[in-house]
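Dropping my_file.txt in here (compact mmCIF, C-alpha atoms):
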# COMPACT_ATOMS: atom_id res chain seq x y z
CA MET L 1 44.29 25.89 -1.09
CA ARG L 2 44.30 24.90 2.57
CA ILE L 3 44.81 27.16 5.58
CA ALA L 4 45.74 25.88 9.02
CA VAL L 5 44.03 27.59 11.94
CA ASP L 6 45.02 27.56 15.61
CA ALA L 7 41.44 26.86 16.65
CA VAL L 8 41.93 27.32 20.39
CA GLY L 9 44.10 30.46 20.36
CA GLY L 10 42.94 33.80 21.74
CA ASP L 11 40.48 34.90 24.38
CA HIS L 12 37.47 33.53 22.49
CA GLY L 13 38.78 30.33 20.96
CA PRO L 14 37.48 27.93 19.88
CA ARG L 15 33.99 29.39 19.52
CA ASN L 16 34.74 32.59 17.59
CA VAL L 17 37.73 31.13 15.77
CA VAL L 18 35.91 28.08 14.42
CA ALA L 19 32.79 30.05 13.51
CA GLY L 20 34.74 32.76 11.67
CA ALA L 21 36.98 30.26 9.89
CA LEU L 22 33.98 28.28 8.64
CA VAL L 23 32.31 31.41 7.25
CA ALA L 24 35.47 32.40 5.37
CA ALA L 25 36.09 28.89 4.03
CA ARG L 26 32.51 28.50 2.84
CA HIS L 27 32.52 31.89 1.13
CA LEU L 28 35.95 31.61 -0.52
CA GLY L 29 36.10 27.88 -1.12
CA PHE L 30 39.36 26.93 0.58
CA GLY L 31 40.10 23.95 2.82
CA LEU L 32 40.52 24.27 6.58
CA THR L 33 42.78 22.45 8.99
CA LEU L 34 41.56 23.20 12.51
CA VAL L 35 44.30 22.56 15.05
CA GLY L 36 43.73 21.86 18.73
CA PRO L 37 42.38 19.23 21.12
CA ARG L 38 40.28 16.93 18.93
CA ARG L 39 37.30 16.61 21.25
CA VAL L 40 37.09 20.37 21.81
CA ILE L 41 37.11 21.09 18.07
CA GLU L 42 34.68 18.31 17.19
CA ASP L 43 32.27 19.51 19.87
CA GLU L 44 32.46 22.99 18.36
CA LEU L 45 31.94 21.70 14.82
CA ARG L 46 28.69 20.00 15.92
CA ARG L 47 27.29 23.49 16.49
CA HIS L 48 27.83 24.19 12.78
CA PRO L 49 26.01 21.70 10.54
CA GLU L 50 27.18 23.74 7.52
CA ALA L 51 30.69 22.42 8.20
CA ASN L 52 29.67 19.15 6.51
CA ALA L 53 29.74 20.98 3.19
CA ILE L 54 33.26 22.36 3.74
CA ASP L 55 36.62 20.61 3.40
CA VAL L 56 37.51 20.58 7.11
CA ARG L 57 40.21 18.51 8.74
CA VAL L 58 40.98 18.31 12.44
CA GLU L 59 44.67 18.14 13.36
CA PRO L 60 45.02 16.99 16.98
CA ALA L 61 47.16 19.13 19.28
CA PRO L 62 46.89 18.38 22.99
CA ASP L 63 48.41 21.61 24.32
CA VAL L 64 47.42 25.27 24.27
CA ILE L 65 49.66 28.29 24.94
CA GLY L 66 47.78 30.72 27.18
CA MET L 67 47.71 34.43 26.53
CA ASP L 68 49.54 34.99 29.82
CA GLU L 69 52.38 32.60 28.99
CA GLY L 70 55.68 33.48 27.39
CA PRO L 71 57.09 31.95 24.19
CA ALA L 72 59.26 29.69 26.38
CA ALA L 73 56.09 27.72 27.09
CA LEU L 74 56.60 26.07 23.70
CA ARG L 75 59.45 24.08 25.23
CA ARG L 76 57.17 22.71 27.93
CA LYS L 77 54.34 22.12 25.47
CA PRO L 78 55.73 20.52 22.30
CA GLY L 79 52.20 19.62 21.24
CA ALA L 80 50.94 23.23 21.39
CA SER L 81 48.30 24.04 18.79
CA VAL L 82 50.24 26.99 17.35
CA ARG L 83 53.35 24.82 16.85
CA VAL L 84 51.36 22.04 15.20
CA ALA L 85 49.68 24.57 12.88
CA ALA L 86 53.06 26.03 11.87
CA ASP L 87 54.50 22.57 11.28
CA ALA L 88 51.58 21.73 8.98
CA VAL L 89 52.60 24.65 6.77
CA ALA L 90 56.28 23.67 6.90
CA ARG L 91 55.36 20.15 5.70
CA GLY L 92 53.38 21.61 2.79
CA GLU L 93 50.04 20.43 4.15
CA ALA L 94 48.73 24.00 4.31
CA ALA L 95 49.62 27.19 2.46
CA ALA L 96 49.51 29.43 5.54
CA PHE L 97 48.39 29.48 9.14
CA PHE L 98 46.44 31.88 11.34
CA SER L 99 46.43 32.30 15.11
CA ALA L 100 44.63 34.73 17.38
CA GLY L 101 46.59 33.36 20.31
CA ASN L 102 49.81 34.38 22.03
CA THR L 103 51.74 36.56 19.55
CA GLY L 104 55.15 35.70 20.97
CA ALA L 105 54.47 31.98 20.77
CA THR L 106 53.12 32.36 17.23
CA LEU L 107 56.28 34.17 16.18
CA VAL L 108 58.63 31.64 17.76
CA ALA L 109 56.70 28.66 16.36
CA ALA L 110 56.62 30.17 12.86
CA HIS L 111 60.28 31.14 12.93
CA ALA L 112 61.29 27.65 14.05
CA ALA L 113 59.15 26.02 11.38
CA PHE L 114 59.87 28.30 8.40
CA GLY L 115 63.00 30.34 9.03
CA MET L 116 63.55 33.77 7.47
CA LEU L 117 63.64 34.97 3.90
CA PRO L 118 67.16 35.59 2.51
CA GLY L 119 68.19 39.16 3.24
CA VAL L 120 65.87 39.54 6.24
CA ASP L 121 67.24 39.31 9.79
CA ARG L 122 64.11 39.90 11.89
CA PRO L 123 60.37 39.58 11.24
CA ALA L 124 57.95 42.49 11.42
CA LEU L 125 54.25 42.44 12.24
CA ALA L 126 52.56 44.73 9.72
CA VAL L 127 49.12 46.28 10.24
CA ARG L 128 47.00 48.36 7.92
CA ILE L 129 45.89 51.63 9.46
CA PRO L 130 43.34 54.14 8.16
CA THR L 131 44.47 57.66 7.25
CA ARG L 132 42.80 60.73 5.81
CA HIS L 133 43.87 59.69 2.32
CA GLY L 134 43.46 55.91 2.35
CA ASP L 135 45.23 53.09 4.14
CA ALA L 136 48.87 52.93 5.19
CA VAL L 137 50.98 50.18 6.74
CA LEU L 138 52.60 50.42 10.17
CA LEU L 139 55.42 48.02 11.07
CA ASP L 140 56.70 46.62 13.33
CA VAL L 141 53.91 46.43 15.94
CA GLY L 142 55.29 43.72 18.19
CA ALA L 143 57.46 41.07 16.54
CA THR L 144 60.91 42.63 17.07
CA VAL L 145 60.80 44.55 20.34
CA GLU L 146 64.52 45.40 20.33
CA GLY L 147 65.93 46.09 16.89
CA ARG L 148 68.81 47.79 15.15
CA ALA L 149 68.87 50.42 12.44
CA GLN L 150 69.48 47.77 9.78
CA HIS L 151 66.28 46.01 10.86
CA LEU L 152 64.22 49.17 10.42
CA VAL L 153 65.62 49.55 6.89
CA GLN L 154 64.57 45.97 6.16
CA PHE L 155 61.12 46.68 7.62
CA ALA L 156 60.85 49.72 5.35
CA SER L 157 61.77 47.59 2.33
CA MET L 158 59.21 44.92 3.19
CA GLY L 159 56.61 47.56 3.96
CA THR L 160 57.23 49.15 0.58
CA VAL L 161 56.60 45.83 -1.19
CA PHE L 162 53.51 45.23 0.94
CA SER L 163 52.18 48.68 0.14
CA GLN L 164 52.69 48.13 -3.57
CA ALA L 165 51.25 44.60 -3.67
CA VAL L 166 48.37 44.98 -1.20
CA LEU L 167 47.48 48.68 -1.16
CA GLY L 168 48.26 49.31 -4.83
CA ILE L 169 50.54 52.29 -4.18
CA GLU L 170 53.11 52.58 -6.96
CA LYS L 171 55.76 54.56 -5.07
CA PRO L 172 55.09 54.34 -1.33
CA ARG L 173 56.36 57.14 0.87
CA VAL L 174 58.32 55.80 3.84
CA GLY L 175 58.31 57.59 7.18
CA LEU L 176 60.22 56.84 10.37
CA LEU L 177 58.16 57.15 13.56
CA SER L 178 60.01 59.48 15.93
CA ILE L 179 59.51 62.34 18.40
CA GLY L 180 60.26 65.14 15.95
CA GLU L 181 60.57 65.85 12.25
CA GLU L 182 64.25 66.79 12.43
CA ALA L 183 66.81 64.09 11.64
CA THR L 184 68.59 64.78 14.94
CA LYS L 185 65.46 64.04 17.01
CA GLY L 186 64.87 60.68 18.67
CA ASN L 187 67.12 58.08 20.24
CA ASP L 188 70.22 56.35 18.86
CA LEU L 189 68.08 53.82 17.01
CA THR L 190 65.98 56.36 15.12
CA ARG L 191 68.90 58.66 14.36
CA HIS L 192 70.95 55.79 12.89
CA ALA L 193 67.91 54.43 11.06
CA HIS L 194 67.21 57.89 9.61
CA ARG L 195 70.69 58.05 8.11
CA ARG L 196 70.45 54.53 6.68
CA LEU L 197 66.98 55.14 5.24
CA GLN L 198 68.26 58.23 3.46
CA GLU L 199 70.84 56.02 1.76
CA SER L 200 68.49 53.10 1.10
CA GLY L 201 67.07 54.07 -2.29
CA LEU L 202 63.54 53.92 -0.87
CA HIS L 203 61.16 56.88 -1.13
CA PHE L 204 62.05 58.08 2.36
CA ILE L 205 60.32 61.31 3.42
CA GLY L 206 61.90 61.64 6.86
CA ASN L 207 60.59 61.39 10.40
CA VAL L 208 56.87 61.18 11.16
CA GLU L 209 55.57 62.29 14.55
CA ALA L 210 52.92 60.25 16.33
CA ARG L 211 50.32 62.98 15.82
CA ASP L 212 50.71 62.55 12.05
CA LEU L 213 50.44 58.76 12.07
CA TYR L 214 46.95 58.93 10.57
CA ALA L 215 47.41 62.11 8.53
CA GLY L 216 48.27 60.26 5.32
CA THR L 217 51.66 61.90 4.89
CA ALA L 218 53.38 58.48 4.70
CA ASP L 219 52.26 55.18 3.18
CA VAL L 220 54.74 53.07 5.18
CA ILE L 221 55.59 53.97 8.78
CA VAL L 222 58.45 52.04 10.39
CA CYS L 223 59.46 51.67 14.02
CA ASP L 224 60.67 49.04 16.44
CA GLY L 225 58.12 46.55 17.76
CA PHE L 226 57.95 48.06 21.25
CA THR L 227 57.10 51.53 19.96
CA GLY L 228 54.73 50.21 17.32
CA ASN L 229 52.78 48.04 19.72
CA ILE L 230 52.25 50.95 22.10
CA ALA L 231 51.13 53.17 19.22
CA LEU L 232 48.68 50.50 18.06
CA LYS L 233 47.22 49.83 21.51
CA VAL L 234 46.84 53.56 22.25
CA SER L 235 45.02 53.94 18.92
CA GLU L 236 42.67 51.04 19.68
CA GLY L 237 41.88 52.47 23.10
CA LEU L 238 41.25 55.93 21.65
CA VAL L 239 38.84 54.56 19.04
CA GLU L 240 36.90 52.67 21.70
CA MET L 241 36.69 55.78 23.89
CA VAL L 242 35.57 58.02 21.00
CA GLU L 243 32.87 55.53 20.02
CA THR L 244 31.61 55.32 23.61
CA LEU L 245 31.56 59.10 24.03
CA LEU L 246 29.78 59.58 20.72
CA HIS L 247 27.19 56.96 21.64
CA ASP L 248 26.55 58.60 25.02
CA GLU L 249 26.33 62.14 23.66
CA LEU L 250 24.16 61.27 20.67
CA ARG L 251 21.58 59.60 22.89
CA ARG L 252 21.62 62.24 25.61
CA THR L 253 18.61 64.24 24.32
CA PHE L 254 15.76 63.75 21.88
CA THR L 255 17.35 66.17 19.41
CA THR L 256 20.71 64.42 19.38
CA SER L 257 18.98 61.02 19.19
CA LEU L 258 17.11 62.21 16.14
CA GLY L 259 20.35 63.48 14.63
CA TYR L 260 21.91 60.08 15.26
CA LEU L 261 19.07 58.30 13.50
CA LEU L 262 19.53 60.57 10.49
CA SER L 263 23.30 60.02 10.49
CA ARG L 264 23.49 56.28 11.21
CA ARG L 265 24.83 55.45 7.78
CA ALA L 266 27.71 57.91 8.18
CA PHE L 267 28.53 56.54 11.64
CA ARG L 268 28.54 52.98 10.33
CA ARG L 269 31.00 54.05 7.63
CA PHE L 270 33.13 55.73 10.28
CA ARG L 271 33.19 52.57 12.39
CA ARG L 272 34.18 50.42 9.42
CA ARG L 273 37.14 52.72 8.74
CA VAL L 274 38.54 52.47 12.28
CA ASP L 275 37.45 48.99 13.40
CA TYR L 276 40.35 46.49 13.59
CA SER L 277 37.96 43.63 12.81
CA GLU L 278 37.55 44.94 9.26
CA TYR L 279 41.05 43.60 8.54
CA GLY L 280 41.15 40.97 11.26
CA GLY L 281 44.77 39.92 11.00
CA ALA L 282 48.31 41.08 10.33
CA PRO L 283 51.07 39.18 8.50
CA LEU L 284 54.45 38.43 10.01
CA LEU L 285 56.61 39.77 7.19
CA GLY L 286 60.07 38.36 6.62
CA LEU L 287 59.26 34.71 7.34
CA ALA L 288 59.80 32.16 4.59
CA ARG L 289 56.12 31.12 4.73
CA LEU L 290 52.91 33.00 5.51
CA ALA L 291 51.84 33.37 9.15
CA MET L 292 48.95 35.62 10.14
CA VAL L 293 48.32 36.99 13.63
CA GLY L 294 44.88 37.98 14.87
CA HIS L 295 43.78 40.12 17.79
CA GLY L 296 43.47 38.18 21.04
CA ARG L 297 39.89 39.46 21.39
CA SER L 298 38.96 38.55 17.81
CA SER L 299 35.25 38.37 17.08
CA VAL L 300 33.71 36.01 14.53
CA LYS L 301 33.82 38.87 12.02
CA ALA L 302 37.50 39.55 12.75
CA VAL L 303 38.45 35.89 12.25
CA ARG L 304 36.43 35.72 9.04
CA ASN L 305 38.17 38.79 7.66
CA ALA L 306 41.59 37.59 8.81
CA LEU L 307 41.13 34.29 6.95
CA ALA L 308 39.87 36.16 3.88
CA LEU L 309 43.03 38.28 4.01
CA THR L 310 45.18 35.17 4.44
CA HIS L 311 43.49 33.64 1.39
CA ARG L 312 44.20 36.81 -0.59
CA PHE L 313 47.86 36.91 0.42
CA VAL L 314 48.34 33.27 -0.58
CA ARG L 315 46.76 33.89 -3.96
CA GLN L 316 48.96 36.96 -4.44
CA ASP L 317 52.01 34.92 -3.42
CA LEU L 318 52.94 37.73 -1.05
CA VAL L 319 55.83 35.91 0.62
CA HIS L 320 57.51 35.13 -2.70
CA THR L 321 56.94 38.70 -3.89
CA ILE L 322 58.60 40.12 -0.78
CA GLY L 323 61.48 37.65 -1.05
CA ALA L 324 62.12 38.46 -4.70
CA ARG L 325 61.79 42.22 -4.28
CA MET L 326 63.99 42.32 -1.17
CA GLN L 327 66.85 41.21 -3.37
CA ALA L 328 66.21 44.10 -5.73
CA LEU L 329 65.84 46.66 -2.94
CA ALA L 330 68.71 45.49 -0.75
CA PRO L 331 71.76 46.28 -2.92
CA SER L 332 71.37 50.05 -2.55
CA ALA L 333 70.88 49.77 1.20
CA PRO L 334 73.83 50.12 3.57
CA GLY L 335 75.67 47.02 4.76
CA ARG L 336 74.62 44.97 7.71
CA ALA L 337 77.06 46.39 10.20
CA SER L 338 75.40 48.39 12.92

How would this structure read if it were set down as structure tokens?
Amino acid sequence: MRIAVDAVGGDHGPRNVVAGALVAARHLGFGLTLVGPRRVIEDELRRHPEANAIDVRVEPAPDVIGMDEGPAALRRKPGASVRVAADAVARGEAAAFFSAGNTGATLVAAHAAFGMLPGVDRPALAVRIPTRHGDAVLLDVGATVEGRAQHLVQFASMGTVFSQAVLGIEKPRVGLLSIGEEATKGNDLTRHAHRRLQESGLHFIGNVEARDLYAGTADVIVCDGFTGNIALKVSEGLVEMVETLLHDELRRTFTTSLGYLLSRRAFRRFRRRVDYSEYGGAPLLGLARLAMVGHGRSSVKAVRNALALTHRFVRQDLVHTIGARMQALAPSAPGRAS
């Protein structure tokens, strides 16, 4: 197995990206194709003598899409690293690709290179989130900013397959993120999606309010990409604030410092449950090949875990599983008119 990596994507590429990718490849035994300016990548590889024992190839790509650029930058930069990485997968030279760079550019490059699975109109970025009763999946968190009700039904179907294949949940409960539990609450999109989800044949439990996102009442939570991205970013900011406040309060006095020392193991477990770097990456579901998106601020640990997750999804043949199951789930769903 070989995984292509946009080595220069993100706020901390290539240093964190190359280091994390090498750790994952060495541990799991897969080949790496590092994509980006050759000299930059080779200079980075010299910092890692252990790379000589790993199957590493460098795929030259002269251009980089900045985090502040739009997807249209791909037209001006045909040799962008994210495009070259996606093309390597399309040619069959890699089983999947990962980028911690510009999400919009990653989506456009992957869509152009792979296309969509039959029965799927729009892709969805799916993230695992912790709840009181285990993990759930939230989608979409940024791929399809403006969607229709039919797209949310497709997201729910793909999320159901993901939950079964990855989280091991036999009959995932699907919830629709909205501003109230009643079917009449929300905007036109959520009200229409609620009706369609009721008719979809999925295990739809109704609307889920934002306050219950982490309660564990639903295993799959669906929304449009704009709403999902805001929910995700608010959650990340809240976790960072809680950790900072806890750190400050626990070190304020000798007594609380002592309590912290006695409770360090519990706090480490807490951090692992809420730290995005534990998962590292999120798949773009609905594409005909596997593309993984990492956080722009990905640490070495986050990149390592993202590549480990990519390796797992390839071995599970997640894309094929979603494609095959979408055909089984789609017939009972409403038609594509919206």

Legend entry - Residues within 12 Å of Ala183 in chain L, all atoms listed in the file, excluding chain neighbours under 2 positions, as a PyMOL selection string: chain L and resi 175-181+185-198+205-209

Inset, instruction - Mind checking which residues fall within 10 Å of range 131-137 of chain L, counting all atoms listed in the file, ignoring those fewer than 2 positions away in the same chain, and posting them as a VMD selection string? - result: chain L and resid 126 to 129 139 to 140 156 159 to 160 162 to 163 166 to 167 169 172 to 174 212 to 222 273 to 274

Could you give me, as JSON lines, every range 97-202 of chain L residue with an atom at most 12 Å from range 34-50 of chain L, plus its closest atom pair and distance in Å to one decimal, counting all atoms listed in the file, rows ordered by chain then number?
{"residue": "L:Phe97", "atom": "CA", "partner": "L:Leu34", "partner_atom": "CA", "distance": 9.9}
{"residue": "L:Phe98", "atom": "CA", "partner": "L:Leu34", "partner_atom": "CA", "distance": 10.0}
{"residue": "L:Ser99", "atom": "CA", "partner": "L:Val35", "partner_atom": "CA", "distance": 10.0}
{"residue": "L:Gly101", "atom": "CA", "partner": "L:Gly36", "partner_atom": "CA", "distance": 12.0}

Determine, for each residue of range 291-330 of chain L having at least one atom at most 9 Å from an atom of range 1-12 of chain L, the closest pair of atoms and their separation in Å to one decimal, counting only C-alpha atoms; order by chain and ascending number, as a tab-separated table.
residue	atom	partner	partner_atom	distance
L:Gly294	CA	L:Gly10	CA	8.3
L:His295	CA	L:Gly10	CA	7.5
L:Gly296	CA	L:Gly10	CA	4.5
L:Arg297	CA	L:Asp11	CA	5.5
L:Ser298	CA	L:His12	CA	7.0
L:Ser299	CA	L:His12	CA	7.6
L:Leu307	CA	L:Ile3	CA	8.1
L:Thr310	CA	L:Ile3	CA	8.1
L:His311	CA	L:Ile3	CA	7.8
L:Val314	CA	L:Met1	CA	8.4
L:Arg315	CA	L:Met1	CA	8.9

Using only C-alpha atoms - which residues lie no farther than 8 Å from the point (54.8, 31.6, 21.5) in the file's frame? Write them as a short mmCIF file (atom, residue, chain, number, x, y, z; two decimals) with C-alpha atoms, in the frame of the given file.
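Saved as part.cif:
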data_model
loop_
_atom_site.label_atom_id
_atom_site.label_comp_id
_atom_site.auth_asym_id
_atom_site.auth_seq_id
_atom_site.Cartn_x
_atom_site.Cartn_y
_atom_site.Cartn_z
CA ILE L 65 49.66 28.29 24.94
CA GLU L 69 52.38 32.60 28.99
CA GLY L 70 55.68 33.48 27.39
CA PRO L 71 57.09 31.95 24.19
CA ALA L 72 59.26 29.69 26.38
CA ALA L 73 56.09 27.72 27.09
CA LEU L 74 56.60 26.07 23.70
CA VAL L 82 50.24 26.99 17.35
CA ASN L 102 49.81 34.38 22.03
CA THR L 103 51.74 36.56 19.55
CA GLY L 104 55.15 35.70 20.97
CA ALA L 105 54.47 31.98 20.77
CA THR L 106 53.12 32.36 17.23
CA LEU L 107 56.28 34.17 16.18
CA VAL L 108 58.63 31.64 17.76
CA ALA L 109 56.70 28.66 16.36
#

Inset, instruction - Go ahead and compute the interatomic distance for CA of Glu146 in chain L and CA of Arg76 in chain L, in Å to one decimal. - result: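 CA of Glu146 in chain L sits 25.0 Å away from CA of Arg76 in chain L.
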
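A straight line drawn from CA of Arg83 in chain L to CA of His111 in chain L is 10.2 Å long.
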
Legend entry - Closest of L:Arg289, L:His151, L:Arg312, L:Arg304 to Leu117 in chain L - atom-to-atom distances counting all atoms listed in the file: L:Arg289

Legend entry - Between CA of Arg26 in chain L and CA of Ala302 in chain L, distance in Å (one decimal): 15.7 Å

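For the choices L:Gly228, L:Gly323, L:Gly66, L:Gly281, the atom-to-atom distance to Met158 in chain L is smallest for L:Gly323 when using only C-alpha atoms.
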
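Close contacts of Asp121 in chain L, defined as residues with an atom at most 10 Å away when counting all atoms listed in the file, with chain neighbours fewer than 4 positions off set aside, comprise Gly115, Met116, Leu117, Gly147, Gln150, His151, Gln154, Phe155, Gly286, Leu287 and Arg336 of chain L.
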
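Of the residues under consideration (L:Leu32, L:Met67, L:Val18, L:Val23), L:Leu32 shows the shortest atom-to-atom contact distance to Ala94 in chain L when counting only C-alpha atoms.
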
Inset, instruction - Pick out the closest residue to Glu236 in chain L from this set: L:Asp248, L:Ala61, L:Pro130, L:Asp55. Count only C-alpha atoms. - result: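 So, comparing all the options, the nearest one is L:Pro130.
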
Inset, instruction - Counting only C-alpha atoms, write as a count of residues only all protein and nucleic acid residues lying at most 8 Å from (54.1, 39.5, 13.0) in the file's frame. - result: 17
